[in-house]
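Worksheet: one structure, shown below.
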Amino acid sequence: MDIRVQDVAFDAGQMLNEFTARQDNAGAVVSFTGIVRDVAGGLSSMEIEHYPGMTERALEKIAQDAMARWNLADVLIIHRHGSLEPKDIIMMVATASKHRADAFAAADFLMDFLKSRAPFWKKERTGDSVDWVASKSEDEDALKRW
Amino acid sequence: MDIRVQDVAFDAGQMLNEFTARQDNAGAVVSFTGIVRDVAGGLSSMEIEHYPGMTERALEKIAQDAMARWNLADVLIIHRHGSLEPKDIIMMVATASKHRADAFAAADFLMDFLKSRAPFWKKERTGDSVDWVASKSEDEDALKRW
Amino acid sequence: MIDVLYFAWVRERIGLPKEQLETSAATVQDLVAELSAREDRYAAAFADLTALRCAVDQELVPFDTSIEGAREVAFFPPMTGG
Amino acid sequence: MIDVLYFAWVRERIGLPKEQLETSAATVQDLVAELSAREDRYAAAFADLTALRCAVDQELVPFDTSIEGAREVAFFPPMTGG
């Protein structure tokens, strides 16, 4: 398990390669990368606030829940905070397992819980307005799948 | 859509980064990487045979089916053939979409159909024996999910 | 003494990220009532609790959770990471 | 004239990857019967059709598919890629 909360940018491809290389006997690696999307109206920047301490605890719990639930070799979570621009990579998760079903389900699960249970808040600057991103009811609903 | 069938090795991280950089307005990228697993008994090498011509057609159809079914910005499929060793990367798929549910479902779908509908056959060399990998009934069953 | 933390628009509305309080509140909800009675900016921030979440000692909990012995209580909107 | 292709253990059992044939078979199944009657190695390879798949002009099809006008028929075990 490798969990990182950081303000500096990271290279998702390099993280994927390092994660894959660390695996001894995994046949499947699934990754998810979240990217700052240019919303209608022209996003100029995004600010991500988080709750230092609780963030790491929440991510560790989510990762441990995934490890307990599926047959996983490893889990990686990296999430940025601070100032980001359109096309910047916000975060990634990666899962490794012998067979693909575990890696897919666990990555999907990690994302659902990370979205609604890890203390991050996004603020978007679009033209003159600055708005906190509203949570979506479908994100909370997604948790019921598990 | 980017589909490659090749005997040369590729850098999954680099492919992921190039795929992500090509996207204009995707918020989510999911990747799957398949790795040669060292089976019990000690795999010394794997040979992947394929059906040139049909392989490309089959992969294109699977990718188009995914694009028709989900709201995807892009699909990448890379599959190697020829001789591979334990820990070598066999193949990868990547999907890009605005929202994560589409990218996850499409990558899962691509893998299920690629497994049972693209003309690749694996042969494993373990000690003195050389065996064609048998297809699994659960792989055929997985298609019914879609 | 307990540390009370505010994040995102809760922090902006209340106007500070963190404060130390002496409180006799038994639960998070009691603490909310105590703060809301204190100043309008708290009352405004806590007006709709369904739009808020809280954590006691860095664990997400319901508003009726006890804060007895807690070191840290935090208030924030639903998370939007990922 | 039609190209007949064999892959994986079907190729190994029959002993060649590809051959050109003159055939009057109407369907894939008829072609299988024709080949099986010709030599033991074909009969052995085609003994259990449930363990085989076929393609006509590079499309996976059932064994009762017509090969009229087809350029290429291929026989192989279930795929194991990915």
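To be explicit about the labels: the chains of the structure tokens are called A, B, and onward in the order shown, and within each one the residues are counted from 1, while ligands get numbers from 1 in the order they are shown.
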
Inset, instruction - Would you kindly return, as an NGL selection string, each protein, DNA or RNA residue with an atom no farther than 8 Å from any atom of segment 29-35 of chain C, considering only C-alpha atoms and excluding same-chain residues fewer than 6 positions away? - result: :C and (23 or 42-43 or 46 or 63-65)

Inset, instruction - Within 12 Å of Gly69 of chain D, counting only C-alpha atoms, which residues show up once you throw out same-chain ones fewer than 6 positions away? Write them as an NGL selection string, please. - result: :D and (1-3 or 23-27 or 56-57)

Legend entry - Residue set, chain A restricted to helix (DSSP H, G or I), as a ChimeraX atom specification: /A:12-22,54-69,100-117,137-145

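The list of chain B residues within 7 Å of chain A is Ala12, Gly13, Gln14, Leu16, Asn17, Asn25, Ala26, Gly27, Ala28, Val29, Val30, Ser31, Phe32, Thr33, Gly34, Ile35, Val36, Arg37, Asp38, Phe104 and Asp108 of chain B; this uses only C-alpha atoms.
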
Could you turn the residues from that selection into a file that holds N, CA and C atoms, as a PDB file, in the first residue's frame?
ATOM      1  N   ALA B  12       4.274   1.017 -20.869  1.00  0.00           N
ATOM      2  CA  ALA B  12       2.869   1.281 -20.520  1.00  0.00           C
ATOM      3  C   ALA B  12       2.693   2.689 -19.953  1.00  0.00           C
ATOM      4  N   GLY B  13       3.618   3.119 -19.111  1.00  0.00           N
ATOM      5  CA  GLY B  13       3.527   4.451 -18.517  1.00  0.00           C
ATOM      6  C   GLY B  13       3.581   5.534 -19.581  1.00  0.00           C
ATOM      7  N   GLN B  14       4.498   5.361 -20.514  1.00  0.00           N
ATOM      8  CA  GLN B  14       4.616   6.339 -21.601  1.00  0.00           C
ATOM      9  C   GLN B  14       3.359   6.349 -22.463  1.00  0.00           C
ATOM     10  N   LEU B  16       0.371   5.530 -21.478  1.00  0.00           N
ATOM     11  CA  LEU B  16      -0.684   6.170 -20.685  1.00  0.00           C
ATOM     12  C   LEU B  16      -0.548   7.693 -20.753  1.00  0.00           C
ATOM     13  N   ASN B  17       0.675   8.178 -20.601  1.00  0.00           N
ATOM     14  CA  ASN B  17       0.882   9.633 -20.644  1.00  0.00           C
ATOM     15  C   ASN B  17       0.544  10.217 -22.011  1.00  0.00           C
ATOM     16  N   ASN B  25     -10.720  17.096 -23.346  1.00  0.00           N
ATOM     17  CA  ASN B  25     -11.633  17.481 -22.277  1.00  0.00           C
ATOM     18  C   ASN B  25     -12.107  16.279 -21.458  1.00  0.00           C
ATOM     19  N   ALA B  26     -11.196  15.339 -21.265  1.00  0.00           N
ATOM     20  CA  ALA B  26     -11.547  14.155 -20.477  1.00  0.00           C
ATOM     21  C   ALA B  26     -11.221  14.412 -19.015  1.00  0.00           C
ATOM     22  N   GLY B  27     -12.063  13.947 -18.130  1.00  0.00           N
ATOM     23  CA  GLY B  27     -11.807  14.075 -16.705  1.00  0.00           C
ATOM     24  C   GLY B  27     -11.336  12.772 -16.091  1.00  0.00           C
ATOM     25  N   ALA B  28     -11.468  11.690 -16.868  1.00  0.00           N
ATOM     26  CA  ALA B  28     -11.187  10.362 -16.325  1.00  0.00           C
ATOM     27  C   ALA B  28     -10.464   9.498 -17.350  1.00  0.00           C
ATOM     28  N   VAL B  29      -9.378   8.871 -16.937  1.00  0.00           N
ATOM     29  CA  VAL B  29      -8.689   7.892 -17.778  1.00  0.00           C
ATOM     30  C   VAL B  29      -8.512   6.612 -16.966  1.00  0.00           C
ATOM     31  N   VAL B  30      -8.965   5.500 -17.516  1.00  0.00           N
ATOM     32  CA  VAL B  30      -8.772   4.202 -16.868  1.00  0.00           C
ATOM     33  C   VAL B  30      -7.854   3.371 -17.746  1.00  0.00           C
ATOM     34  N   SER B  31      -6.900   2.693 -17.138  1.00  0.00           N
ATOM     35  CA  SER B  31      -6.037   1.799 -17.920  1.00  0.00           C
ATOM     36  C   SER B  31      -6.030   0.410 -17.299  1.00  0.00           C
ATOM     37  N   PHE B  32      -5.862  -0.569 -18.153  1.00  0.00           N
ATOM     38  CA  PHE B  32      -5.630  -1.935 -17.698  1.00  0.00           C
ATOM     39  C   PHE B  32      -4.330  -2.407 -18.330  1.00  0.00           C
ATOM     40  N   THR B  33      -3.481  -3.034 -17.537  1.00  0.00           N
ATOM     41  CA  THR B  33      -2.246  -3.606 -18.057  1.00  0.00           C
ATOM     42  C   THR B  33      -2.213  -5.090 -17.710  1.00  0.00           C
ATOM     43  N   GLY B  34      -1.977  -5.926 -18.696  1.00  0.00           N
ATOM     44  CA  GLY B  34      -1.863  -7.366 -18.476  1.00  0.00           C
ATOM     45  C   GLY B  34      -0.396  -7.758 -18.474  1.00  0.00           C
ATOM     46  N   ILE B  35       0.008  -8.520 -17.450  1.00  0.00           N
ATOM     47  CA  ILE B  35       1.420  -8.839 -17.235  1.00  0.00           C
ATOM     48  C   ILE B  35       1.605 -10.354 -17.257  1.00  0.00           C
ATOM     49  N   VAL B  36       2.706 -10.839 -17.825  1.00  0.00           N
ATOM     50  CA  VAL B  36       2.991 -12.270 -17.812  1.00  0.00           C
ATOM     51  C   VAL B  36       3.268 -12.685 -16.370  1.00  0.00           C
ATOM     52  N   ARG B  37       2.443 -13.592 -15.859  1.00  0.00           N
ATOM     53  CA  ARG B  37       2.572 -14.022 -14.488  1.00  0.00           C
ATOM     54  C   ARG B  37       3.399 -15.309 -14.436  1.00  0.00           C
ATOM     55  N   ASP B  38       4.262 -15.382 -13.442  1.00  0.00           N
ATOM     56  CA  ASP B  38       5.056 -16.589 -13.263  1.00  0.00           C
ATOM     57  C   ASP B  38       4.162 -17.643 -12.613  1.00  0.00           C
ATOM     58  N   PHE B 104     -14.550   3.440 -16.608  1.00  0.00           N
ATOM     59  CA  PHE B 104     -14.416   2.160 -15.900  1.00  0.00           C
ATOM     60  C   PHE B 104     -15.174   1.044 -16.627  1.00  0.00           C
ATOM     61  N   ASP B 108     -13.491  -2.324 -18.653  1.00  0.00           N
ATOM     62  CA  ASP B 108     -13.893  -3.661 -18.203  1.00  0.00           C
ATOM     63  C   ASP B 108     -14.480  -4.460 -19.385  1.00  0.00           C
TER      64      ASP B 108
END

Can you write out as a Markdown table which residues of chain A fall within 12 Å of chain C, alongside each residue's closest atom pair and its distance in Å to one decimal, counting only C-alpha atoms and ordering rows by chain and ascending residue number?
| residue | atom | partner | partner_atom | distance |
| --- | --- | --- | --- | --- |
| A:Val5 | CA | C:Gly81 | CA | 11.9 |
| A:Phe32 | CA | C:Gly82 | CA | 9.8 |
| A:Thr33 | CA | C:Gly82 | CA | 8.8 |
| A:Gly34 | CA | C:Gly82 | CA | 6.4 |
| A:Ile35 | CA | C:Gly82 | CA | 9.0 |
| A:Val36 | CA | C:Gly82 | CA | 10.1 |
| A:Met46 | CA | C:Gly81 | CA | 11.8 |
| A:Glu47 | CA | C:Ala8 | CA | 10.2 |
| A:Ile48 | CA | C:Gly81 | CA | 8.0 |
| A:Glu49 | CA | C:Ala8 | CA | 6.8 |
| A:His50 | CA | C:Phe7 | CA | 7.7 |
| A:Tyr51 | CA | C:Phe7 | CA | 7.6 |
| A:Pro52 | CA | C:Gln58 | CA | 9.4 |
| A:Gly53 | CA | C:Gln58 | CA | 7.3 |
| A:Met54 | CA | C:Gln58 | CA | 4.8 |
| A:Thr55 | CA | C:Gln58 | CA | 8.3 |
| A:Glu56 | CA | C:Gln58 | CA | 9.8 |
| A:Arg57 | CA | C:Gln58 | CA | 7.7 |
| A:Ala58 | CA | C:Glu59 | CA | 7.8 |
| A:Leu59 | CA | C:Gly82 | CA | 11.3 |
| A:Lys61 | CA | C:Glu59 | CA | 10.5 |
| A:Ile77 | CA | C:Gly82 | CA | 10.3 |
| A:Ile78 | CA | C:Gly82 | CA | 9.8 |
| A:His79 | CA | C:Gly82 | CA | 7.5 |
| A:Arg80 | CA | C:Gly82 | CA | 9.4 |
| A:His81 | CA | C:Gly81 | CA | 9.5 |
| A:Ile89 | CA | C:Gly82 | CA | 10.2 |
| A:Ile90 | CA | C:Gly82 | CA | 7.1 |
| A:Met91 | CA | C:Gly82 | CA | 6.3 |
| A:Met92 | CA | C:Gly82 | CA | 8.1 |
| A:Val93 | CA | C:Gly82 | CA | 9.4 |
| A:Asp108 | CA | C:Gly82 | CA | 11.7 |
| A:Leu110 | CA | C:Gly82 | CA | 9.8 |
| A:Met111 | CA | C:Gly82 | CA | 6.8 |
| A:Asp112 | CA | C:Gly82 | CA | 8.6 |
| A:Phe113 | CA | C:Gly82 | CA | 9.2 |
| A:Leu114 | CA | C:Gly82 | CA | 6.2 |
| A:Lys115 | CA | C:Gly81 | CA | 4.9 |
| A:Ser116 | CA | C:Met79 | CA | 5.2 |
| A:Arg117 | CA | C:Met79 | CA | 6.5 |
| A:Ala118 | CA | C:Met79 | CA | 6.6 |
| A:Pro119 | CA | C:Met79 | CA | 5.5 |
| A:Phe120 | CA | C:Gly81 | CA | 4.6 |
| A:Trp121 | CA | C:Thr80 | CA | 4.9 |
| A:Lys122 | CA | C:Thr80 | CA | 6.0 |
| A:Lys123 | CA | C:Ala8 | CA | 8.3 |
| A:Glu124 | CA | C:Thr80 | CA | 11.6 |
| A:Val130 | CA | C:Trp9 | CA | 11.1 |
| A:Asp131 | CA | C:Trp9 | CA | 9.2 |
| A:Trp132 | CA | C:Trp9 | CA | 7.1 |
| A:Val133 | CA | C:Thr80 | CA | 6.8 |
| A:Ala134 | CA | C:Thr80 | CA | 7.1 |
| A:Ser135 | CA | C:Thr80 | CA | 5.6 |
| A:Lys136 | CA | C:Thr80 | CA | 8.4 |
| A:Ser137 | CA | C:Pro78 | CA | 10.2 |
| A:Asp139 | CA | C:Thr80 | CA | 9.1 |
| A:Glu140 | CA | C:Pro78 | CA | 9.4 |

Inset, instruction - Name the residues of segment 14-112 of chain A that come out as strand (DSSP E or B) in a backbone DSSP run; write them as a ChimeraX atom specification. - result: /A:28-35,43-50,72-80,82-84,89-97

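Atom CA of Gln20 of chain D to atom CA of Glu68 of chain D spans 15.2 Å [interatomic distance, one decimal].
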